[in-house]
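**Q** For reference, the file coords25.txt (compact mmCIF, C-alpha atoms) is included below:
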# COMPACT_ATOMS: atom_id res chain seq x y z
CA MET A 1 5.85 -9.04 9.95
CA THR A 2 6.59 -7.52 6.57
CA GLU A 3 4.42 -9.62 4.28
CA ASN A 4 1.36 -8.33 2.52
CA ILE A 5 -1.92 -9.04 4.26
CA SER A 6 -4.94 -9.32 2.02
CA THR A 7 -8.39 -10.74 1.91
CA PRO A 8 -9.52 -12.83 -1.06
CA ASP A 9 -12.79 -10.93 -1.51
CA SER A 10 -11.33 -7.46 -1.18
CA ALA A 11 -9.77 -5.03 -3.63
CA THR A 12 -7.62 -3.72 -0.78
CA HIS A 13 -4.50 -5.17 0.73
CA PHE A 14 -2.24 -4.14 3.57
CA ARG A 15 1.47 -3.90 4.33
CA PRO A 16 3.77 -2.20 6.82
CA ALA A 17 5.19 1.12 5.66
CA ILE A 18 8.81 1.54 4.71
CA ASP A 19 10.95 4.68 4.85
CA ALA A 20 10.29 5.42 1.16
CA ASP A 21 6.54 5.77 1.93
CA ALA A 22 7.01 8.67 4.39
CA GLU A 23 6.24 11.59 2.04
CA ILE A 24 3.09 9.91 0.69
CA ILE A 25 1.91 9.05 4.22
CA ALA A 26 2.42 12.61 5.50
CA ALA A 27 0.54 14.04 2.50
CA LEU A 28 -2.30 11.52 2.96
CA VAL A 29 -2.67 12.24 6.70
CA ASN A 30 -2.64 16.00 6.17
CA SER A 31 -5.14 15.76 3.30
CA ALA A 32 -7.54 13.73 5.44
CA TYR A 33 -7.51 16.04 8.45
CA ARG A 34 -6.62 19.57 7.36
CA GLY A 35 -7.46 22.07 4.68
CA ASP A 36 -10.03 22.00 1.91
CA SER A 37 -9.11 18.51 0.71
CA SER A 38 -10.19 17.10 4.07
CA ARG A 39 -13.70 18.47 3.58
CA GLN A 40 -14.28 15.83 0.88
CA GLY A 41 -14.52 13.27 3.69
CA TRP A 42 -16.15 13.32 7.09
CA THR A 43 -13.00 13.06 9.27
CA THR A 44 -11.91 16.66 8.73
CA GLU A 45 -10.48 18.75 11.56
CA ALA A 46 -10.27 21.83 9.30
CA ASP A 47 -12.71 23.82 11.46
CA LEU A 48 -10.75 22.98 14.62
CA LEU A 49 -7.10 23.13 13.64
CA GLN A 50 -4.93 24.77 11.04
CA GLY A 51 -1.53 23.62 9.84
CA SER A 52 0.08 20.25 9.27
CA ARG A 53 -0.77 17.26 11.38
CA ILE A 54 2.50 15.49 10.56
CA HIS A 55 5.64 15.91 8.46
CA ALA A 56 7.60 13.21 6.60
CA PRO A 57 10.54 13.18 9.10
CA GLU A 58 8.06 12.38 11.90
CA VAL A 59 6.62 9.56 9.79
CA ARG A 60 10.13 8.18 9.22
CA GLU A 61 10.73 8.30 12.98
CA LEU A 62 7.52 6.33 13.65
CA ILE A 63 8.53 3.73 11.04
CA ALA A 64 12.01 3.35 12.61
CA THR A 65 10.84 3.23 16.25
CA PRO A 66 10.88 -0.25 17.82
CA GLY A 67 7.36 -1.24 18.91
CA SER A 68 5.80 1.04 16.29
CA VAL A 69 4.45 0.21 12.84
CA ILE A 70 2.53 2.17 10.25
CA LEU A 71 0.18 -0.20 8.48
CA LEU A 72 -0.85 0.85 4.99
CA CYS A 73 -4.10 0.14 3.16
CA LEU A 74 -3.59 -0.11 -0.59
CA GLN A 75 -5.65 -0.49 -3.73
CA GLY A 76 -3.19 -1.93 -6.20
CA GLU A 77 -0.02 0.05 -5.51
CA ASP A 78 -1.96 3.17 -4.45
CA ILE A 79 -1.76 4.00 -0.71
CA ILE A 80 -5.32 4.92 0.30
CA GLY A 81 -5.04 4.67 4.08
CA CYS A 82 -2.67 4.38 7.00
CA VAL A 83 -2.67 3.77 10.73
CA ASN A 84 0.10 3.96 13.31
CA LEU A 85 0.16 1.15 15.87
CA GLU A 86 2.41 1.44 18.91
CA LYS A 87 3.00 -1.16 21.61
CA THR A 88 2.29 0.28 25.07
CA GLU A 89 2.74 -1.97 28.11
CA ASP A 90 -0.06 -4.56 27.75
CA ALA A 91 -1.91 -2.83 24.90
CA ALA A 92 -1.46 -1.06 21.57
CA TYR A 93 -2.11 2.57 20.75
CA LEU A 94 -3.96 3.18 17.47
CA GLY A 95 -3.34 6.61 15.97
CA MET A 96 -3.09 8.53 12.73
CA PHE A 97 -5.93 6.42 11.27
CA VAL A 98 -6.93 7.76 7.86
CA VAL A 99 -8.62 6.75 4.64
CA ARG A 100 -8.34 9.05 1.62
CA PRO A 101 -11.22 11.55 1.98
CA VAL A 102 -12.89 10.80 -1.38
CA LEU A 103 -13.05 7.09 -0.44
CA GLN A 104 -14.55 7.56 3.03
CA GLY A 105 -18.02 6.16 3.71
CA ASN A 106 -17.54 3.03 1.59
CA GLY A 107 -16.63 0.54 4.34
CA ILE A 108 -12.88 0.71 3.73
CA GLY A 109 -12.23 2.24 7.16
CA LYS A 110 -14.24 -0.42 8.99
CA HIS A 111 -12.36 -3.23 7.22
CA PHE A 112 -9.02 -1.45 7.66
CA MET A 113 -9.59 -0.93 11.40
CA GLN A 114 -10.44 -4.63 11.91
CA THR A 115 -7.30 -5.59 10.01
CA ALA A 116 -5.16 -3.19 12.08
CA GLU A 117 -6.56 -4.57 15.35
CA GLN A 118 -5.86 -8.15 14.25
CA TYR A 119 -2.39 -7.19 13.04
CA ALA A 120 -1.49 -5.60 16.41
CA GLN A 121 -2.90 -8.59 18.27
CA GLN A 122 -0.85 -11.05 16.19
CA LEU A 123 2.29 -8.91 16.27
CA TRP A 124 2.36 -8.20 20.00
CA GLY A 125 -0.10 -10.65 21.59
CA ILE A 126 -2.10 -7.77 23.08
CA GLN A 127 -5.74 -7.98 24.18
CA LYS A 128 -6.50 -4.24 24.37
CA ILE A 129 -6.20 -1.36 21.94
CA TRP A 130 -6.68 2.32 22.74
CA MET A 131 -6.75 5.70 21.04
CA THR A 132 -7.30 9.38 21.68
CA VAL A 133 -9.95 11.43 19.89
CA ILE A 134 -10.52 15.18 20.05
CA SER A 135 -13.44 15.30 22.48
CA VAL A 136 -15.62 17.65 20.40
CA ARG A 137 -15.56 15.18 17.48
CA GLN A 138 -18.82 13.51 18.48
CA GLU A 139 -19.42 11.90 15.06
CA LEU A 140 -15.95 10.33 15.19
CA ILE A 141 -16.45 9.13 18.77
CA ALA A 142 -19.77 7.56 17.70
CA TYR A 143 -18.01 5.85 14.76
CA TYR A 144 -15.45 4.30 17.10
CA GLU A 145 -18.18 3.29 19.57
CA ARG A 146 -19.89 1.41 16.72
CA ARG A 147 -16.54 -0.38 16.19
CA GLY A 148 -16.51 -1.53 19.85
CA TYR A 149 -14.45 1.22 21.48
CA ALA A 150 -15.60 2.59 24.83
CA ARG A 151 -15.05 6.01 26.33
CA THR A 152 -12.79 5.77 29.37
CA GLY A 153 -13.54 9.15 30.95
CA ARG A 154 -9.83 10.00 30.73
CA PHE A 155 -8.94 13.31 29.08
CA LYS A 156 -5.73 15.16 28.34
CA PRO A 157 -5.17 18.64 26.93
CA PHE A 158 -4.43 19.12 23.26
CA PRO A 159 -0.82 20.29 22.80
CA THR A 160 -0.78 24.00 22.10
CA ASP A 161 2.89 24.42 21.26
CA ASN A 162 3.89 21.69 18.82
CA GLY A 163 4.99 24.20 16.17
CA LYS A 164 2.82 22.70 13.42
CA GLU A 165 -0.79 23.33 14.33
CA LYS A 166 -2.85 26.31 15.38
CA MET A 167 -6.08 25.79 17.30
CA LEU A 168 -9.08 27.53 15.78
CA VAL A 169 -11.24 26.50 18.77
CA GLU A 170 -10.21 27.08 22.37
CA ASN A 171 -9.75 24.37 25.00
CA LEU A 172 -9.46 21.37 22.73
CA GLN A 173 -8.73 18.14 24.55
CA PHE A 174 -8.26 14.46 23.79
CA GLU A 175 -10.58 11.80 25.11
CA GLU A 176 -9.22 8.29 25.50
CA MET A 177 -11.16 5.32 24.13
CA GLU A 178 -10.31 1.63 24.39
CA LYS A 179 -11.42 -1.73 23.10
CA ILE A 180 -10.91 -5.19 24.52
CA LEU A 181 -10.02 -7.49 21.63
CA GLY A 182 -11.68 -10.89 21.35
Represent the structure from my file as structure tokens, please.
**A**
Amino acid sequence: MTENISTPDSATHFRPAIDADAEIIAALVNSAYRGDSSRQGWTTEADLLQGSRIHAPEVRELIATPGSVILLCLQGEDIIGCVNLEKTEDAAYLGMFVVRPVLQGNGIGKHFMQTAEQYAQQLWGIQKIWMTVISVRQELIAYYERRGYARTGRFKPFPTDNGKEKMLVENLQFEEMEKILG
């Protein structure tokens, strides 16, 4: 599926990322989660982690991996959001979900998440989608619960040696959440 996906009443449209988008995607993801730029939105991890969340070569790898797609949210030609969807057994993993910090809180994320879920369902015929969230991010967990995701009670430690990030808070861990798609 490489065609644009859009809604007639929306200023946003969506398309799968291509290799040439990798630098922009990496910059967008890092600006939404780390450093001072991330503080303009509410999804910041700047008080928890320092360093880059992702680099362009990693983005290119995700784009090239079979069973993986990075879906972009655009206003005109401007990339304002992205999400990585990966096929896993009978479900899809949703990760790296971002909307440009200055645009957060305007409903773009809600619409984008619904589009991403539908896209994964159409692409792979899956009925379940799951994600991991840093467990101390209660406001983010509550946001996903409002979108129909449920806490599974499954946790895994945050990687401490990925060479990119430094934990500013000890004992960070991921909590898994999942949603059954209708």
**Q** So what do you get for atom CA of A:Ile79 versus atom CA of A:Asp47, distance-wise?
**A** 25.7 Å
**Q** Need the shell around stretch 130-136 of chain A: protein/DNA/RNA residues with any atom at most 8 Å away, counting all atoms listed in the file. Skip same-chain ones fewer than 5 positions apart. Format as a list of chain:residue names?
**A**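 Counting only the stated atoms, we get A:Ala91, A:Ala92, A:Tyr93, A:Leu94, A:Gly95, A:Ile141, A:Tyr149, A:Phe158, A:Leu172, A:Gln173, A:Phe174, A:Glu175, A:Glu176, A:Met177, A:Glu178, A:Lys179.
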**Q** Which of these, A:Val169, A:Ala32, A:Ala20, A:Val99, has the shortest distance to A:Ile63 once you count all atoms listed in the file?
**A**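 Answer, going by the shortest atom-to-atom distance: A:Ala20.
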**Q** Counting all atoms listed in the file, note down every residue that has an atom within 6 Å of the point (-8.1, 2.2, 2.0) (file coordinates), as JSON, numbers by chain.
**A** {"A": [73, 74, 80, 81, 99, 108]}
**Q** Between A:Leu181, A:Met96, A:Val69, A:Ala56, which is the closest to A:Leu123 once you count only C-alpha atoms?
**A**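 Looking at the shortest contact to A:Leu123, the residue is A:Val69.
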**Q** Identify which of the residues A:Pro157, A:Pro16, A:Gly182, A:Gly163 lies closest to A:Ala116, counting only C-alpha atoms when measuring atom-to-atom distances.
**A**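 Of A:Pro157, A:Pro16, A:Gly182, A:Gly163, the one nearest A:Ala116 is A:Pro16, counting only C-alpha atoms.
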**Q** Rebuild N, CA and C atoms on stretch 7-40 of chain A, as a PDB file, in the coordinates of the input?
**A**
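As written to disk, out_35.pdb reads:
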ATOM      1  N   THR A   7      -7.223  -9.887   1.803  1.00  0.00           N
ATOM      2  CA  THR A   7      -8.390 -10.740   1.910  1.00  0.00           C
ATOM      3  C   THR A   7      -8.797 -11.129   0.504  1.00  0.00           C
ATOM      4  N   PRO A   8      -9.214 -12.378   0.296  1.00  0.00           N
ATOM      5  CA  PRO A   8      -9.520 -12.830  -1.060  1.00  0.00           C
ATOM      6  C   PRO A   8     -10.683 -12.095  -1.710  1.00  0.00           C
ATOM      7  N   ASP A   9     -11.609 -11.568  -0.927  1.00  0.00           N
ATOM      8  CA  ASP A   9     -12.790 -10.930  -1.510  1.00  0.00           C
ATOM      9  C   ASP A   9     -12.675  -9.409  -1.515  1.00  0.00           C
ATOM     10  N   SER A  10     -11.490  -8.892  -1.321  1.00  0.00           N
ATOM     11  CA  SER A  10     -11.330  -7.460  -1.180  1.00  0.00           C
ATOM     12  C   SER A  10     -10.386  -6.905  -2.236  1.00  0.00           C
ATOM     13  N   ALA A  11     -10.663  -5.704  -2.697  1.00  0.00           N
ATOM     14  CA  ALA A  11      -9.770  -5.030  -3.630  1.00  0.00           C
ATOM     15  C   ALA A  11      -8.625  -4.359  -2.891  1.00  0.00           C
ATOM     16  N   THR A  12      -8.676  -4.352  -1.568  1.00  0.00           N
ATOM     17  CA  THR A  12      -7.620  -3.720  -0.780  1.00  0.00           C
ATOM     18  C   THR A  12      -6.681  -4.765  -0.215  1.00  0.00           C
ATOM     19  N   HIS A  13      -5.455  -4.346   0.021  1.00  0.00           N
ATOM     20  CA  HIS A  13      -4.500  -5.170   0.730  1.00  0.00           C
ATOM     21  C   HIS A  13      -3.674  -4.273   1.639  1.00  0.00           C
ATOM     22  N   PHE A  14      -2.891  -4.870   2.496  1.00  0.00           N
ATOM     23  CA  PHE A  14      -2.240  -4.140   3.570  1.00  0.00           C
ATOM     24  C   PHE A  14      -0.776  -4.553   3.672  1.00  0.00           C
ATOM     25  N   ARG A  15       0.071  -3.596   4.070  1.00  0.00           N
ATOM     26  CA  ARG A  15       1.470  -3.900   4.330  1.00  0.00           C
ATOM     27  C   ARG A  15       2.040  -2.842   5.269  1.00  0.00           C
ATOM     28  N   PRO A  16       3.088  -3.203   6.005  1.00  0.00           N
ATOM     29  CA  PRO A  16       3.770  -2.200   6.820  1.00  0.00           C
ATOM     30  C   PRO A  16       4.474  -1.180   5.936  1.00  0.00           C
ATOM     31  N   ALA A  17       4.514   0.055   6.395  1.00  0.00           N
ATOM     32  CA  ALA A  17       5.190   1.120   5.660  1.00  0.00           C
ATOM     33  C   ALA A  17       6.697   0.955   5.741  1.00  0.00           C
ATOM     34  N   ILE A  18       7.354   1.463   4.717  1.00  0.00           N
ATOM     35  CA  ILE A  18       8.810   1.540   4.710  1.00  0.00           C
ATOM     36  C   ILE A  18       9.197   3.015   4.605  1.00  0.00           C
ATOM     37  N   ASP A  19      10.461   3.306   4.848  1.00  0.00           N
ATOM     38  CA  ASP A  19      10.950   4.680   4.850  1.00  0.00           C
ATOM     39  C   ASP A  19      10.565   5.437   3.572  1.00  0.00           C
ATOM     40  N   ALA A  20      10.604   4.776   2.443  1.00  0.00           N
ATOM     41  CA  ALA A  20      10.290   5.420   1.160  1.00  0.00           C
ATOM     42  C   ALA A  20       8.832   5.878   1.063  1.00  0.00           C
ATOM     43  N   ASP A  21       7.961   5.391   1.942  1.00  0.00           N
ATOM     44  CA  ASP A  21       6.540   5.770   1.930  1.00  0.00           C
ATOM     45  C   ASP A  21       6.263   7.056   2.718  1.00  0.00           C
ATOM     46  N   ALA A  22       7.241   7.595   3.426  1.00  0.00           N
ATOM     47  CA  ALA A  22       7.010   8.670   4.390  1.00  0.00           C
ATOM     48  C   ALA A  22       6.356   9.914   3.801  1.00  0.00           C
ATOM     49  N   GLU A  23       6.818  10.371   2.648  1.00  0.00           N
ATOM     50  CA  GLU A  23       6.240  11.590   2.040  1.00  0.00           C
ATOM     51  C   GLU A  23       4.772  11.372   1.675  1.00  0.00           C
ATOM     52  N   ILE A  24       4.471  10.223   1.097  1.00  0.00           N
ATOM     53  CA  ILE A  24       3.090   9.910   0.690  1.00  0.00           C
ATOM     54  C   ILE A  24       2.196   9.817   1.927  1.00  0.00           C
ATOM     55  N   ILE A  25       2.691   9.192   2.983  1.00  0.00           N
ATOM     56  CA  ILE A  25       1.910   9.050   4.220  1.00  0.00           C
ATOM     57  C   ILE A  25       1.614  10.416   4.821  1.00  0.00           C
ATOM     58  N   ALA A  26       2.627  11.263   4.920  1.00  0.00           N
ATOM     59  CA  ALA A  26       2.420  12.610   5.500  1.00  0.00           C
ATOM     60  C   ALA A  26       1.394  13.388   4.677  1.00  0.00           C
ATOM     61  N   ALA A  27       1.502  13.330   3.361  1.00  0.00           N
ATOM     62  CA  ALA A  27       0.540  14.040   2.500  1.00  0.00           C
ATOM     63  C   ALA A  27      -0.868  13.477   2.683  1.00  0.00           C
ATOM     64  N   LEU A  28      -0.992  12.156   2.779  1.00  0.00           N
ATOM     65  CA  LEU A  28      -2.300  11.520   2.960  1.00  0.00           C
ATOM     66  C   LEU A  28      -2.925  11.943   4.293  1.00  0.00           C
ATOM     67  N   VAL A  29      -2.155  11.874   5.368  1.00  0.00           N
ATOM     68  CA  VAL A  29      -2.670  12.240   6.700  1.00  0.00           C
ATOM     69  C   VAL A  29      -3.110  13.700   6.706  1.00  0.00           C
ATOM     70  N   ASN A  30      -2.279  14.580   6.188  1.00  0.00           N
ATOM     71  CA  ASN A  30      -2.640  16.000   6.170  1.00  0.00           C
ATOM     72  C   ASN A  30      -3.849  16.265   5.299  1.00  0.00           C
ATOM     73  N   SER A  31      -3.984  15.551   4.181  1.00  0.00           N
ATOM     74  CA  SER A  31      -5.140  15.760   3.300  1.00  0.00           C
ATOM     75  C   SER A  31      -6.435  15.255   3.927  1.00  0.00           C
ATOM     76  N   ALA A  32      -6.339  14.293   4.821  1.00  0.00           N
ATOM     77  CA  ALA A  32      -7.540  13.730   5.440  1.00  0.00           C
ATOM     78  C   ALA A  32      -8.016  14.531   6.646  1.00  0.00           C
ATOM     79  N   TYR A  33      -7.136  15.316   7.239  1.00  0.00           N
ATOM     80  CA  TYR A  33      -7.510  16.040   8.450  1.00  0.00           C
ATOM     81  C   TYR A  33      -7.530  17.552   8.317  1.00  0.00           C
ATOM     82  N   ARG A  34      -6.775  18.109   7.410  1.00  0.00           N
ATOM     83  CA  ARG A  34      -6.620  19.570   7.360  1.00  0.00           C
ATOM     84  C   ARG A  34      -6.891  20.111   5.976  1.00  0.00           C
ATOM     85  N   GLY A  35      -7.284  21.370   5.943  1.00  0.00           N
ATOM     86  CA  GLY A  35      -7.460  22.070   4.680  1.00  0.00           C
ATOM     87  C   GLY A  35      -8.694  21.643   3.910  1.00  0.00           C
ATOM     88  N   ASP A  36      -8.847  22.247   2.734  1.00  0.00           N
ATOM     89  CA  ASP A  36     -10.030  22.000   1.910  1.00  0.00           C
ATOM     90  C   ASP A  36     -10.152  20.562   1.444  1.00  0.00           C
ATOM     91  N   SER A  37      -9.033  19.899   1.174  1.00  0.00           N
ATOM     92  CA  SER A  37      -9.110  18.510   0.710  1.00  0.00           C
ATOM     93  C   SER A  37      -9.775  17.611   1.739  1.00  0.00           C
ATOM     94  N   SER A  38      -9.593  17.928   3.018  1.00  0.00           N
ATOM     95  CA  SER A  38     -10.190  17.100   4.070  1.00  0.00           C
ATOM     96  C   SER A  38     -11.704  17.211   4.110  1.00  0.00           C
ATOM     97  N   ARG A  39     -12.244  18.270   3.568  1.00  0.00           N
ATOM     98  CA  ARG A  39     -13.700  18.470   3.580  1.00  0.00           C
ATOM     99  C   ARG A  39     -14.425  17.516   2.622  1.00  0.00           C
ATOM    100  N   GLN A  40     -13.678  16.818   1.777  1.00  0.00           N
ATOM    101  CA  GLN A  40     -14.280  15.830   0.880  1.00  0.00           C
ATOM    102  C   GLN A  40     -14.701  14.581   1.643  1.00  0.00           C
TER     103      GLN A  40
END
